[in-house]
$ cat input-v8.tsv   # TSV, C-alpha atoms and all ligand atoms
chain	number	residue	atom	x	y	z
F	228	MET	CA	0.40	24.29	17.87
F	229	GLN	CA	-1.69	21.74	16.00
F	230	LYS	CA	0.39	18.71	14.99
F	231	ARG	CA	0.82	18.51	11.23
F	232	TYR	CA	0.65	15.37	9.10
F	233	PRO	CA	2.12	13.41	7.45
F	234	ARG	CA	4.47	13.14	10.35
F	235	LEU	CA	7.73	11.22	10.38
F	236	ILE	CA	8.67	10.01	13.86
F	237	VAL	CA	12.41	9.50	14.15
F	238	ASN	CA	13.70	7.70	17.23
F	239	LEU	CA	17.24	8.93	17.79
F	240	SER	CA	17.95	6.67	20.77
F	241	LYS	CA	17.26	3.61	18.64
F	242	ILE	CA	19.42	4.88	15.79
F	243	GLU	CA	22.20	5.57	18.28
F	244	SER	CA	21.83	2.08	19.71
F	245	ASN	CA	21.98	0.51	16.22
F	246	ALA	CA	25.10	2.53	15.41
F	247	LYS	CA	26.80	1.37	18.61
F	248	THR	CA	25.88	-2.25	17.90
F	249	VAL	CA	27.34	-2.04	14.39
F	250	LEU	CA	30.47	-0.32	15.67
F	251	LYS	CA	31.07	-2.84	18.43
F	252	ALA	CA	30.74	-5.85	16.14
F	253	CYS	CA	32.81	-4.28	13.35
F	254	ASN	CA	35.54	-3.02	15.63
F	255	ALA	CA	35.82	-6.46	17.21
F	256	ALA	CA	36.37	-7.83	13.69
F	257	GLY	CA	39.04	-5.20	12.95
F	258	ILE	CA	36.71	-3.20	10.70
F	259	THR	CA	36.42	0.59	10.65
F	260	VAL	CA	32.95	1.96	9.89
F	261	ALA	CA	31.92	4.93	7.79
F	262	GLY	CA	28.37	6.01	8.64
F	263	ILE	CA	26.36	6.68	5.49
F	264	MET	CA	23.47	9.09	5.95
F	265	LYS	CA	21.78	9.20	2.52
F	266	GLY	CA	19.08	6.68	3.50
F	267	ALA	CA	17.75	9.34	5.87
F	268	SER	CA	18.52	12.20	3.44
F	269	ALA	CA	20.95	13.63	6.01
F	270	LEU	CA	18.23	14.72	8.44
F	271	PRO	CA	20.30	16.91	10.78
F	272	GLU	CA	19.56	15.08	14.05
F	273	VAL	CA	20.21	11.72	12.39
F	274	VAL	CA	23.56	12.96	11.10
F	275	LYS	CA	24.50	14.26	14.55
F	276	THR	CA	23.44	11.01	16.19
F	277	MET	CA	25.46	8.98	13.72
F	278	ALA	CA	28.49	11.23	14.17
F	279	ASP	CA	28.25	11.16	17.99
F	280	SER	CA	28.11	7.37	17.96
F	281	GLY	CA	31.73	7.38	16.87
F	282	VAL	CA	31.80	6.27	13.23
F	283	ALA	CA	35.15	7.03	11.60
F	284	GLN	CA	33.81	8.92	8.57
F	285	ILE	CA	30.45	10.38	7.57
F	286	GLY	CA	29.40	9.72	3.99
F	287	SER	CA	26.73	10.42	1.44
F	288	SER	CA	26.14	10.15	-2.28
F	289	ARG	CA	25.12	13.82	-2.44
F	290	MET	CA	27.21	16.95	-2.06
F	291	GLU	CA	24.20	18.85	-0.70
F	292	GLN	CA	24.05	16.41	2.23
F	293	LEU	CA	27.79	16.50	2.85
F	294	ILE	CA	27.81	20.30	2.90
F	295	ALA	CA	24.89	20.21	5.35
F	296	ALA	CA	26.87	17.81	7.57
F	297	HIS	CA	29.87	20.12	7.41
F	298	ASN	CA	27.67	23.05	8.41
F	299	LEU	CA	26.36	21.02	11.36
F	300	GLY	CA	29.93	20.86	12.64
F	301	VAL	CA	30.48	17.14	12.07
F	302	LYS	CA	34.06	16.41	13.15
F	303	GLN	CA	34.62	13.25	11.13
F	304	PRO	CA	36.18	13.29	7.66
F	305	LEU	CA	33.44	13.57	5.03
F	306	MET	CA	33.24	11.01	2.27
F	307	LEU	CA	31.46	11.17	-1.11
F	308	VAL	CA	30.27	7.64	-1.93
F	309	ARG	CA	28.85	8.19	-5.40
F	310	VAL	CA	31.63	8.37	-7.96
F	311	PRO	CA	31.85	12.10	-8.63
F	312	MET	CA	30.73	14.15	-11.59
F	313	LEU	CA	33.58	15.90	-13.37
F	314	SER	CA	31.61	19.11	-12.93
F	315	GLU	CA	31.67	18.86	-9.13
F	316	ALA	CA	35.45	18.38	-8.77
F	317	GLU	CA	36.08	21.85	-7.39
F	318	GLU	CA	33.34	21.59	-4.79
F	319	VAL	CA	34.20	18.02	-3.74
F	320	VAL	CA	37.87	18.87	-3.20
F	321	LYS	CA	36.87	21.99	-1.30
F	322	CYS	CA	34.25	20.46	1.02
F	323	VAL	CA	34.93	16.73	1.23
F	324	ASP	CA	37.97	14.81	2.46
F	325	ILE	CA	37.48	11.46	0.71
F	326	SER	CA	35.88	10.30	-2.54
F	327	LEU	CA	35.33	6.97	-4.29
F	328	GLN	CA	36.69	7.03	-7.84
F	329	SER	CA	36.36	4.92	-10.96
F	330	ASP	CA	37.70	7.02	-13.83
F	331	ILE	CA	41.28	8.05	-14.50
F	332	ASN	CA	40.30	11.35	-16.12
F	333	VAL	CA	38.23	12.31	-13.10
F	334	LEU	CA	41.19	11.39	-10.88
F	335	ARG	CA	43.46	13.65	-12.96
F	336	ARG	CA	40.93	16.48	-12.75
F	337	PHE	CA	40.71	16.01	-8.96
F	338	ASN	CA	44.48	16.14	-8.76
F	339	GLU	CA	44.60	19.49	-10.61
F	340	GLU	CA	41.90	20.82	-8.34
F	341	ALA	CA	43.66	19.62	-5.17
F	342	LEU	CA	46.95	21.20	-6.28
F	343	LYS	CA	45.12	24.43	-7.08
F	344	GLN	CA	43.45	24.44	-3.65
F	345	ASN	CA	46.67	23.40	-1.96
F	346	LYS	CA	45.08	20.29	-0.48
F	347	ILE	CA	45.62	16.56	-0.41
F	348	HIS	CA	42.37	14.86	-1.42
F	349	LYS	CA	41.99	11.21	-0.38
F	350	VAL	CA	40.60	8.63	-2.78
F	351	PHE	CA	39.48	5.06	-2.95
F	352	ILE	CA	39.80	3.15	-6.22
F	353	MET	CA	36.39	1.59	-6.77
F	354	MET	CA	36.38	-1.94	-8.16
F	355	ASP	CA	33.35	-3.57	-9.80
F	356	LEU	CA	33.33	-7.26	-8.85
F	357	GLY	CA	30.14	-8.11	-10.72
F	358	ASP	CA	27.34	-5.95	-9.34
F	359	LEU	CA	27.73	-3.82	-12.49
F	360	ARG	CA	27.21	-0.40	-11.04
F	361	GLU	CA	30.33	1.76	-10.54
F	362	GLY	CA	33.95	0.69	-10.50
F	363	PHE	CA	36.89	-0.35	-12.64
F	364	TRP	CA	36.24	-3.67	-14.36
F	365	ASP	CA	39.72	-4.54	-15.53
F	366	TRP	CA	42.23	-5.31	-12.76
F	367	GLU	CA	45.20	-4.06	-14.80
F	368	GLU	CA	43.45	-0.78	-15.45
F	369	ALA	CA	42.55	-0.39	-11.76
F	370	THR	CA	46.13	-1.14	-10.70
F	371	ALA	CA	47.52	1.28	-13.27
F	372	ALA	CA	45.20	4.00	-11.96
F	373	ALA	CA	46.35	3.26	-8.40
F	374	VAL	CA	50.00	3.50	-9.47
F	375	GLU	CA	49.36	6.78	-11.27
F	376	VAL	CA	47.67	8.24	-8.17
F	377	GLU	CA	50.54	7.04	-6.01
F	378	THR	CA	53.42	8.19	-8.20
F	379	LYS	CA	52.18	11.07	-10.36
F	380	LEU	CA	49.10	12.70	-8.86
F	381	SER	CA	50.65	14.42	-5.87
F	382	GLY	CA	47.45	16.24	-4.94
F	383	LEU	CA	45.80	12.89	-4.22
F	384	TYR	CA	46.40	10.26	-1.57
F	385	LEU	CA	45.40	6.67	-2.30
F	386	LEU	CA	43.55	5.58	0.81
F	387	GLY	CA	42.48	2.18	-0.45
F	388	VAL	CA	40.31	0.07	-2.71
F	389	ALA	CA	36.57	-0.39	-2.36
F	390	VAL	CA	33.69	-2.40	-3.77
F	391	ASN	CA	29.94	-2.09	-3.80
F	392	LEU	CA	27.67	-5.14	-4.02
F	393	GLY	CA	23.97	-5.88	-3.84
F	394	CYS	CA	22.84	-2.65	-5.48
F	395	TYR	CA	22.24	-2.96	-9.23
F	396	GLY	CA	23.22	-6.55	-9.97
F	397	SER	CA	21.84	-7.99	-6.68
F	398	ILE	CA	25.19	-9.70	-6.11
F	399	VAL	CA	25.67	-11.25	-2.66
F	400	PRO	CA	28.79	-10.18	-0.73
F	401	THR	CA	29.92	-13.76	-0.19
F	402	PRO	CA	33.26	-14.44	1.52
F	403	GLU	CA	34.58	-15.33	-1.97
F	404	LYS	CA	33.55	-11.94	-3.38
F	405	GLU	CA	35.12	-10.13	-0.45
F	406	GLN	CA	38.27	-12.22	-0.90
F	407	GLU	CA	38.49	-10.99	-4.51
F	408	LEU	CA	38.81	-7.44	-3.18
F	409	VAL	CA	41.49	-8.53	-0.72
F	410	ASP	CA	43.36	-10.11	-3.66
F	411	LEU	CA	43.06	-6.93	-5.70
F	412	ALA	CA	44.31	-4.92	-2.72
F	413	ALA	CA	47.37	-7.19	-2.49
F	414	LYS	CA	48.07	-6.63	-6.19
F	415	VAL	CA	47.78	-2.86	-5.79
F	416	GLU	CA	49.97	-2.93	-2.67
F	417	ALA	CA	52.64	-4.88	-4.55
F	418	ALA	CA	52.51	-2.35	-7.40
F	419	ILE	CA	52.80	0.74	-5.18
F	420	GLY	CA	55.17	-0.82	-2.64
F	421	ARG	CA	53.18	-0.05	0.51
F	422	LYS	CA	50.13	-1.14	2.48
F	423	LEU	CA	46.80	0.50	1.74
F	424	ASP	CA	45.06	2.12	4.69
F	425	TYR	CA	41.68	0.65	3.87
F	426	VAL	CA	40.15	-2.23	1.98
F	427	SER	CA	36.48	-1.25	1.99
F	428	GLY	CA	34.28	-4.31	1.53
F	429	GLY	CA	30.92	-2.73	0.88
F	430	ALA	CA	27.74	-1.39	2.45
F	431	SER	CA	25.14	-2.80	4.86
F	432	THR	CA	24.78	-5.98	2.81
F	433	SER	CA	28.42	-6.77	3.58
F	434	TYR	CA	27.61	-6.50	7.29
F	435	MET	CA	26.18	-10.05	6.95
F	436	ARG	CA	29.80	-11.25	6.86
F	437	VAL	CA	30.33	-9.61	10.25
F	438	LEU	CA	27.15	-11.25	11.60
F	439	ASP	CA	28.38	-14.61	10.31
F	440	GLY	CA	31.94	-14.02	11.48
F	441	ASN	CA	33.31	-14.96	8.05
F	442	MET	CA	34.64	-11.71	6.65
F	443	PRO	CA	37.94	-12.50	4.95
F	444	LYS	CA	41.00	-11.19	6.72
F	445	GLY	CA	42.14	-8.03	4.99
F	446	ILE	CA	38.74	-6.32	4.73
F	447	ASN	CA	39.11	-3.55	7.30
F	448	HIS	CA	36.47	-1.00	6.31
F	449	LEU	CA	32.72	-0.91	5.61
F	450	ARG	CA	30.35	1.92	4.63
F	451	ILE	CA	27.15	1.40	6.56
F	452	GLY	CA	23.85	3.25	6.37
F	453	GLU	CA	20.80	0.98	6.27
F	454	GLN	CA	21.90	-1.32	9.09
F	455	ILE	CA	22.20	1.69	11.39
F	456	ILE	CA	19.20	3.77	10.38
F	457	LEU	CA	16.66	1.01	9.63
F	458	ALA	CA	18.16	-2.45	10.31
F	459	HIS	CA	15.36	-3.84	8.13
F	460	ASP	CA	17.10	-5.80	5.40
F	461	ALA	CA	19.15	-8.23	7.52
F	462	PRO	CA	16.11	-9.81	9.20
F	463	VAL	CA	13.51	-9.27	6.45
F	464	TYR	CA	15.42	-9.96	3.22
F	465	TRP	CA	18.33	-12.05	4.49
F	466	GLY	CA	16.60	-13.99	7.26
F	467	TYR	CA	18.99	-13.06	10.08
F	468	ASP	CA	17.78	-13.04	13.66
F	469	THR	CA	18.92	-9.61	14.86
F	470	PRO	CA	17.21	-8.79	18.18
F	471	GLN	CA	20.19	-6.60	19.06
F	472	PHE	CA	18.94	-4.05	16.46
F	473	HIS	CA	15.92	-1.74	16.55
F	474	ARG	CA	13.76	-1.79	13.44
F	475	ASP	CA	11.27	0.84	14.61
F	476	THR	CA	13.64	3.77	14.15
F	477	PHE	CA	11.44	5.55	11.59
F	478	ARG	CA	7.61	5.58	11.45
F	479	ILE	CA	5.32	7.54	9.18
F	480	GLN	CA	1.99	8.79	10.53
F	481	ALA	CA	-0.81	9.84	8.19
F	482	GLU	CA	-4.34	11.08	8.73
F	483	VAL	CA	-7.49	9.34	7.53
F	484	ILE	CA	-9.50	11.71	5.30
F	485	GLU	CA	-12.33	9.49	4.06
F	486	VAL	CA	-13.95	6.22	5.19
F	487	ARG	CA	-16.74	4.79	3.03
F	488	ASP	CA	-18.19	1.67	1.42
F	489	LYS	CA	-17.52	1.73	-2.32
F	490	PRO	CA	-17.36	-0.74	-5.19
F	491	SER	CA	-13.95	-2.39	-5.57
F	492	PHE	CA	-14.21	-2.28	-9.36
F	493	PRO	CA	-14.06	1.16	-11.07
F	494	VAL	CA	-17.37	2.28	-12.60
F	495	GLY	CA	-17.27	3.57	-16.19
F	496	GLU	CA	-14.98	3.31	-19.20
F	497	ARG	CA	-11.41	2.53	-18.02
F	498	PHE	CA	-8.16	3.89	-19.48
F	499	VAL	CA	-4.96	4.64	-17.47
F	500	ASP	CA	-4.39	5.88	-13.90
F	501	ALA	CA	-2.85	9.18	-12.77
F	502	PHE	CA	0.66	7.90	-13.58
F	503	GLY	CA	-0.26	6.55	-17.04
F	504	ASN	CA	-0.41	2.90	-16.01
F	505	ALA	CA	-3.06	0.46	-17.22
F	506	VAL	CA	-4.05	-1.13	-13.90
F	507	GLN	CA	-5.89	-4.41	-13.29
F	508	TYR	CA	-8.71	-4.27	-10.74
F	509	GLU	CA	-10.39	-7.18	-9.02
F	510	ASP	CA	-14.15	-7.05	-8.51
F	511	ARG	CA	-14.75	-8.04	-4.89
F	512	GLY	CA	-18.08	-6.27	-4.62
F	513	ILE	CA	-18.75	-3.41	-2.23
F	514	ARG	CA	-15.91	-3.00	0.29
F	515	ARG	CA	-15.16	-0.64	3.16
F	516	ARG	CA	-12.11	1.45	2.41
F	517	MET	CA	-10.34	4.54	3.58
F	518	LEU	CA	-8.23	7.30	2.10
F	519	ILE	CA	-5.22	8.68	3.90
F	520	ALA	CA	-3.50	11.99	3.22
F	521	LEU	CA	-0.20	10.49	2.10
F	522	GLY	CA	0.78	9.58	-1.45
F	523	LYS	CA	3.44	8.78	-3.97
F	524	CYS	CA	4.86	12.33	-3.68
F	525	ASP	CA	5.79	11.41	-0.14
F	526	TYR	CA	6.98	7.79	-0.19
F	527	GLY	CA	7.71	7.06	-3.85
F	528	ALA	CA	6.01	4.95	-6.46
F	529	TYR	CA	5.22	1.78	-4.51
F	530	PRO	CA	2.56	2.12	-1.78
F	531	GLU	CA	2.81	-1.61	-1.01
F	532	GLU	CA	6.32	-0.92	0.32
F	533	LEU	CA	4.79	0.76	3.40
F	534	ASP	CA	4.98	-1.74	6.26
F	535	VAL	CA	1.60	-2.38	7.84
F	536	LEU	CA	2.05	-2.68	11.62
F	537	PRO	CA	0.66	-5.63	13.63
F	538	GLU	CA	-2.10	-3.49	15.20
F	539	ASP	CA	-3.46	-2.82	11.72
F	540	GLU	CA	-3.36	-6.37	10.43
F	541	GLY	CA	-6.13	-7.11	7.98
F	542	ILE	CA	-5.88	-3.85	6.06
F	543	GLU	CA	-4.76	-3.96	2.47
F	544	ILE	CA	-3.10	-1.14	0.56
F	545	LEU	CA	-4.94	-0.99	-2.77
F	546	GLY	CA	-3.12	1.77	-4.56
F	547	ALA	CA	-2.18	5.40	-4.54
F	548	SER	CA	-1.88	8.61	-6.51
F	549	SER	CA	0.41	11.55	-5.76
F	550	ASP	CA	-1.38	12.64	-2.59
F	551	HIS	CA	-3.76	9.82	-1.60
F	552	THR	CA	-3.34	6.21	-0.56
F	553	ILE	CA	-6.38	3.95	-0.80
F	554	ILE	CA	-6.66	1.18	1.76
F	555	ASP	CA	-9.18	-1.66	2.01
F	556	ILE	CA	-10.36	-1.98	5.63
F	557	GLN	CA	-13.20	-4.46	5.15
F	558	ASP	CA	-11.34	-7.16	7.08
F	559	ALA	CA	-9.48	-4.87	9.47
F	560	LYS	CA	-9.09	-5.74	13.13
F	561	ARG	CA	-10.22	-2.32	14.26
F	562	GLU	CA	-12.48	0.50	13.11
F	563	TYR	CA	-11.18	3.57	11.36
F	564	HIS	CA	-12.70	7.05	11.33
F	565	VAL	CA	-11.96	10.29	9.54
F	566	GLY	CA	-9.35	12.13	11.59
F	567	ASP	CA	-7.68	8.95	12.89
F	568	ILE	CA	-3.93	8.63	12.57
F	569	ILE	CA	-2.46	5.48	11.07
F	570	GLU	CA	1.20	4.59	11.31
F	571	PHE	CA	3.45	2.51	9.03
F	572	GLY	CA	6.91	1.07	9.41
F	573	LEU	CA	9.51	1.94	6.77
F	574	LYS	CA	12.26	0.41	4.75
F	575	TYR	CA	15.03	1.97	2.66
F	576	SER	CA	12.89	2.73	-0.38
F	577	THR	CA	10.08	4.51	1.46
F	578	ASN	CA	12.37	6.19	3.99
F	579	VAL	CA	14.61	7.75	1.39
F	580	TYR	CA	11.63	9.49	-0.22
F	581	LEU	CA	9.85	10.48	3.00
F	582	THR	CA	12.95	12.08	4.46
F	583	ASN	CA	13.33	14.02	1.20
F	584	SER	CA	9.77	15.35	1.07
F	585	PRO	CA	9.11	18.95	2.12
F	586	ASN	CA	5.49	17.91	2.83
F	587	VAL	CA	6.53	15.58	5.63
F	588	HIS	CA	6.86	16.98	9.15
F	589	VAL	CA	9.69	15.43	11.11
F	590	GLU	CA	9.45	14.81	14.85
F	591	TYR	CA	12.49	13.54	16.74
F	592	VAL	CA	11.95	11.41	19.83
F	593	ARG	CA	14.28	9.74	22.32
F	594	ASP	CA	13.41	6.97	24.71
T	601	LIG	C1	24.70	3.99	-0.41
T	601	LIG	C2	26.07	3.49	-0.39
T	601	LIG	C3	26.56	2.90	0.77
T	601	LIG	C4	25.73	2.67	2.00
T	601	LIG	O1	24.65	1.81	1.71
T	601	LIG	P1	23.69	1.23	2.85
T	601	LIG	O2	22.92	0.18	2.15
T	601	LIG	O3	22.83	2.37	3.30
T	601	LIG	O4	24.52	0.69	3.93
T	601	LIG	C5	27.88	2.49	0.74
T	601	LIG	N1	28.65	2.62	-0.35
T	601	LIG	C6	28.19	3.19	-1.48
T	601	LIG	C7	29.09	3.30	-2.66
T	601	LIG	C8	26.88	3.64	-1.54
T	601	LIG	O5	26.43	4.18	-2.67

$ encode --input "input-v8.tsv" --output "structure tokens"
Amino acid sequence: MQKRYPRLIVNLSKIESNAKTVLKACNAAGITVAGIMKGASALPEVVKTMADSGVAQIGSSRMEQLIAAHNLGVKQPLMLVRVPMLSEAEEVVKCVDISLQSDINVLRRFNEEALKQNKIHKVFIMMDLGDLREGFWDWEEATAAAVEVETKLSGLYLLGVAVNLGCYGSIVPTPEKEQELVDLAAKVEAAIGRKLDYVSGGASTSYMRVLDGNMPKGINHLRIGEQIILAHDAPVYWGYDTPQFHRDTFRIQAEVIEVRDKPSFPVGERFVDAFGNAVQYEDRGIRRRMLIALGKCDYGAYPEELDVLPEDEGIEILGASSDHTIIDIQDAKREYHVGDIIEFGLKYSTNVYLTNSPNVHVEYVRD
């Protein structure tokens, strides 16, 4: 059969290796790891690879992905990491073992549902320590919710407290921030009269504390996706030297559909582009450029987020519409022809869209 493009090449051996590296470092620091699969949209082989690597739980923000993982026969407890919708209580309690929670009314609804289904549903109390996405803000309110779960909501089991950082508010998971969660956990433990199972200190951004060896004592759980599936942010955004991780886990291949010299400045009366944006163009005269059959429908709104690989240095992504990306190749190191395949590296933003696109053909490789 003819190969179809765009084609997403997923290297399962490298993902497995990244997972093992994360697990080894975290376990040595007394930290249990939940593997979070939403950055790869729960592609089945990625989920299986993550599960086989030995993470303690498998998590996602989306019920669709968790149900898919269940249907794949994943043995680990499943964990919903987006605070749930009231309307999905029945389904979450039915299909998922653990959820992160930030609203007392949702907790009460989950309790009713668990009692009705004759189950014990496990919950984390989510604390907002400044990133300003989900979580209780007031410590008294969070502690009161924990006490209510512990003493009144017998269909629920309070597994621990959790925080998320570095998502909306760009807040760094410093040792001081992590310590705040440890302090909150101590307060909750004093109020309920027992130890919590888990104090969950965040996502891949919190893995920097493991790399630095300065995670405060008491943080014993992390929820890690990006560092396993892409391992991009630690070296690229945070400046860590991480040769122990593979960054070429996901690659997107696209086919060249036009190569031609054209003006760099649009010709005619200008208004807005396909997405309604008034765009600035620079007149650099006639330039050689190519079109590839890959667009915003596939990788999201920002074509410049595609990572140009070293072999293609000198090309410049000019822009894109839904189905086309336009690339300046005037100063490219090599020649391009219609029918050629060009490959890009990926990061979280582009990967999350590409793995979600029905137009993208996935190929799994192992090496
Ligand atoms: C997405 C998410 C994670 C995992 O994030 P990564 O950056 O992929 O490690 C963990 N916790 C919560 C609450 C999330 O929403």

$ atom_distance --input "input-v8.tsv" --atom1 "atom CA of Ala256 of chain F" --atom2 "atom CA of Met353 of chain F"
22.5 Å

$ axis_aligned_box --input "input-v8.tsv" --around "ligand LIG 601 (chain T)" --padding-each-side "5 Å" --output "AutoDock Vina command-line options"
--center_x 26.0 --center_y 2.2 --center_z 0.6 --size_x 16.3 --size_y 14.0 --size_z 16.6

$ atom_distance --input "input-v8.tsv" --atom1 "atom CA of Ser288 of chain F" --atom2 "atom P1 of ligand LIG 601 (chain T)"
10.6 Å

$ atom_distance --input "input-v8.tsv" --atom1 "atom CA of Asn578 of chain F" --atom2 "atom CA of Gly300 of chain F"
24.5 Å

$ closest_atom_pairs --input "input-v8.tsv" --of "chain F" --to "ligand LIG 601 (chain T)" --cutoff "8 Å" --atoms "all atoms listed in the file" --output "tab-separated table"
residue	atom	partner	partner_atom	distance
F:Gly262	CA	T:LIG601	C4	7.9
F:Ile263	CA	T:LIG601	C4	5.4
F:Met264	CA	T:LIG601	O3	7.3
F:Lys265	CA	T:LIG601	C1	6.7
F:Gly266	CA	T:LIG601	O3	5.7
F:Ser287	CA	T:LIG601	C1	7.0
F:Ser288	CA	T:LIG601	O5	6.0
F:Val308	CA	T:LIG601	C7	4.6
F:Arg309	CA	T:LIG601	O5	5.4
F:Val310	CA	T:LIG601	C7	7.8
F:Leu327	CA	T:LIG601	C7	7.4
F:Val390	CA	T:LIG601	C7	7.4
F:Asn391	CA	T:LIG601	C7	5.6
F:Gly429	CA	T:LIG601	N1	5.9
F:Ala430	CA	T:LIG601	O4	4.1
F:Ser431	CA	T:LIG601	O4	3.7
F:Thr432	CA	T:LIG601	O2	6.5
F:Leu449	CA	T:LIG601	C5	7.7
F:Arg450	CA	T:LIG601	C5	4.6
F:Ile451	CA	T:LIG601	O4	3.8
F:Gly452	CA	T:LIG601	O3	3.4
F:Glu453	CA	T:LIG601	O3	3.9
F:Gln454	CA	T:LIG601	O4	6.1
F:Ile455	CA	T:LIG601	O4	7.9
F:Tyr575	CA	T:LIG601	O3	7.8

$ closest_atom_pairs --input "input-v8.tsv" --of "segment 469-548 of chain F" --to "segment 242-255 of chain F" --cutoff "9 Å" --atoms "only C-alpha atoms" --output "JSON lines"
{"residue": "F:Gln471", "atom": "CA", "partner": "F:Thr248", "partner_atom": "CA", "distance": 7.3}
{"residue": "F:Phe472", "atom": "CA", "partner": "F:Asn245", "partner_atom": "CA", "distance": 5.5}
{"residue": "F:His473", "atom": "CA", "partner": "F:Asn245", "partner_atom": "CA", "distance": 6.5}
{"residue": "F:Arg474", "atom": "CA", "partner": "F:Asn245", "partner_atom": "CA", "distance": 9.0}
{"residue": "F:Thr476", "atom": "CA", "partner": "F:Ile242", "partner_atom": "CA", "distance": 6.1}

$ closest_residue --input "input-v8.tsv" --among "F:Val437, F:Val426, F:Ile456, F:Ala372" --to "Thr276 of chain F" --atoms "all atoms listed in the file"
F:Ile456

$ closest_residue --input "input-v8.tsv" --among "F:His564, F:Lys523, F:His348, F:Arg497" --to "Ser584 of chain F" --atoms "all atoms listed in the file"
F:Lys523

$ build_atoms --input "input-v8.tsv" --residues "segment 561-566 of chain F" --atoms "all heavy atoms" --output "mmCIF file, in the coordinates of the input"
data_model
loop_
_atom_site.group_PDB
_atom_site.id
_atom_site.type_symbol
_atom_site.label_atom_id
_atom_site.label_comp_id
_atom_site.auth_asym_id
_atom_site.auth_seq_id
_atom_site.Cartn_x
_atom_site.Cartn_y
_atom_site.Cartn_z
ATOM 1 N N ARG F 561 -9.605 -3.403 13.490
ATOM 2 C CA ARG F 561 -10.220 -2.320 14.260
ATOM 3 C C ARG F 561 -10.989 -1.393 13.320
ATOM 4 O O ARG F 561 -10.898 -1.507 12.105
ATOM 5 C CB ARG F 561 -9.157 -1.553 15.035
ATOM 6 C CG ARG F 561 -8.151 -0.811 14.176
ATOM 7 C CD ARG F 561 -7.303 0.101 15.077
ATOM 8 N NE ARG F 561 -6.154 0.661 14.427
ATOM 9 C CZ ARG F 561 -5.999 1.993 14.257
ATOM 10 N NH1 ARG F 561 -6.916 2.845 14.617
ATOM 11 N NH2 ARG F 561 -4.888 2.447 13.695
ATOM 12 N N GLU F 562 -11.728 -0.461 13.916
ATOM 13 C CA GLU F 562 -12.480 0.500 13.110
ATOM 14 C C GLU F 562 -11.628 1.729 12.831
ATOM 15 O O GLU F 562 -10.781 2.090 13.630
ATOM 16 C CB GLU F 562 -13.727 0.944 13.891
ATOM 17 C CG GLU F 562 -14.871 -0.015 13.737
ATOM 18 C CD GLU F 562 -16.161 0.601 14.284
ATOM 19 O OE1 GLU F 562 -16.349 1.833 14.179
ATOM 20 O OE2 GLU F 562 -16.951 -0.180 14.828
ATOM 21 N N TYR F 563 -11.891 2.336 11.710
ATOM 22 C CA TYR F 563 -11.180 3.570 11.360
ATOM 23 C C TYR F 563 -12.203 4.676 11.116
ATOM 24 O O TYR F 563 -13.290 4.417 10.579
ATOM 25 C CB TYR F 563 -10.339 3.362 10.099
ATOM 26 C CG TYR F 563 -9.235 2.360 10.289
ATOM 27 C CD1 TYR F 563 -9.461 1.006 10.049
ATOM 28 C CD2 TYR F 563 -7.971 2.749 10.715
ATOM 29 C CE1 TYR F 563 -8.458 0.063 10.231
ATOM 30 C CE2 TYR F 563 -6.961 1.814 10.902
ATOM 31 C CZ TYR F 563 -7.203 0.481 10.658
ATOM 32 O OH TYR F 563 -6.212 -0.433 10.843
ATOM 33 N N HIS F 564 -11.830 5.900 11.506
ATOM 34 C CA HIS F 564 -12.700 7.050 11.330
ATOM 35 C C HIS F 564 -11.907 8.193 10.723
ATOM 36 O O HIS F 564 -10.687 8.264 10.905
ATOM 37 C CB HIS F 564 -13.269 7.509 12.680
ATOM 38 C CG HIS F 564 -13.960 6.411 13.419
ATOM 39 N ND1 HIS F 564 -15.245 6.031 13.132
ATOM 40 C CD2 HIS F 564 -13.527 5.587 14.404
ATOM 41 C CE1 HIS F 564 -15.582 5.024 13.922
ATOM 42 N NE2 HIS F 564 -14.555 4.729 14.698
ATOM 43 N N VAL F 565 -12.614 9.082 10.049
ATOM 44 C CA VAL F 565 -11.960 10.290 9.540
ATOM 45 C C VAL F 565 -11.308 11.017 10.721
ATOM 46 O O VAL F 565 -11.919 11.127 11.786
ATOM 47 C CB VAL F 565 -12.990 11.191 8.811
ATOM 48 C CG1 VAL F 565 -12.402 12.578 8.551
ATOM 49 C CG2 VAL F 565 -13.410 10.540 7.495
ATOM 50 N N GLY F 566 -10.079 11.442 10.526
ATOM 51 C CA GLY F 566 -9.350 12.130 11.590
ATOM 52 C C GLY F 566 -8.427 11.217 12.371
ATOM 53 O O GLY F 566 -7.556 11.687 13.098
#
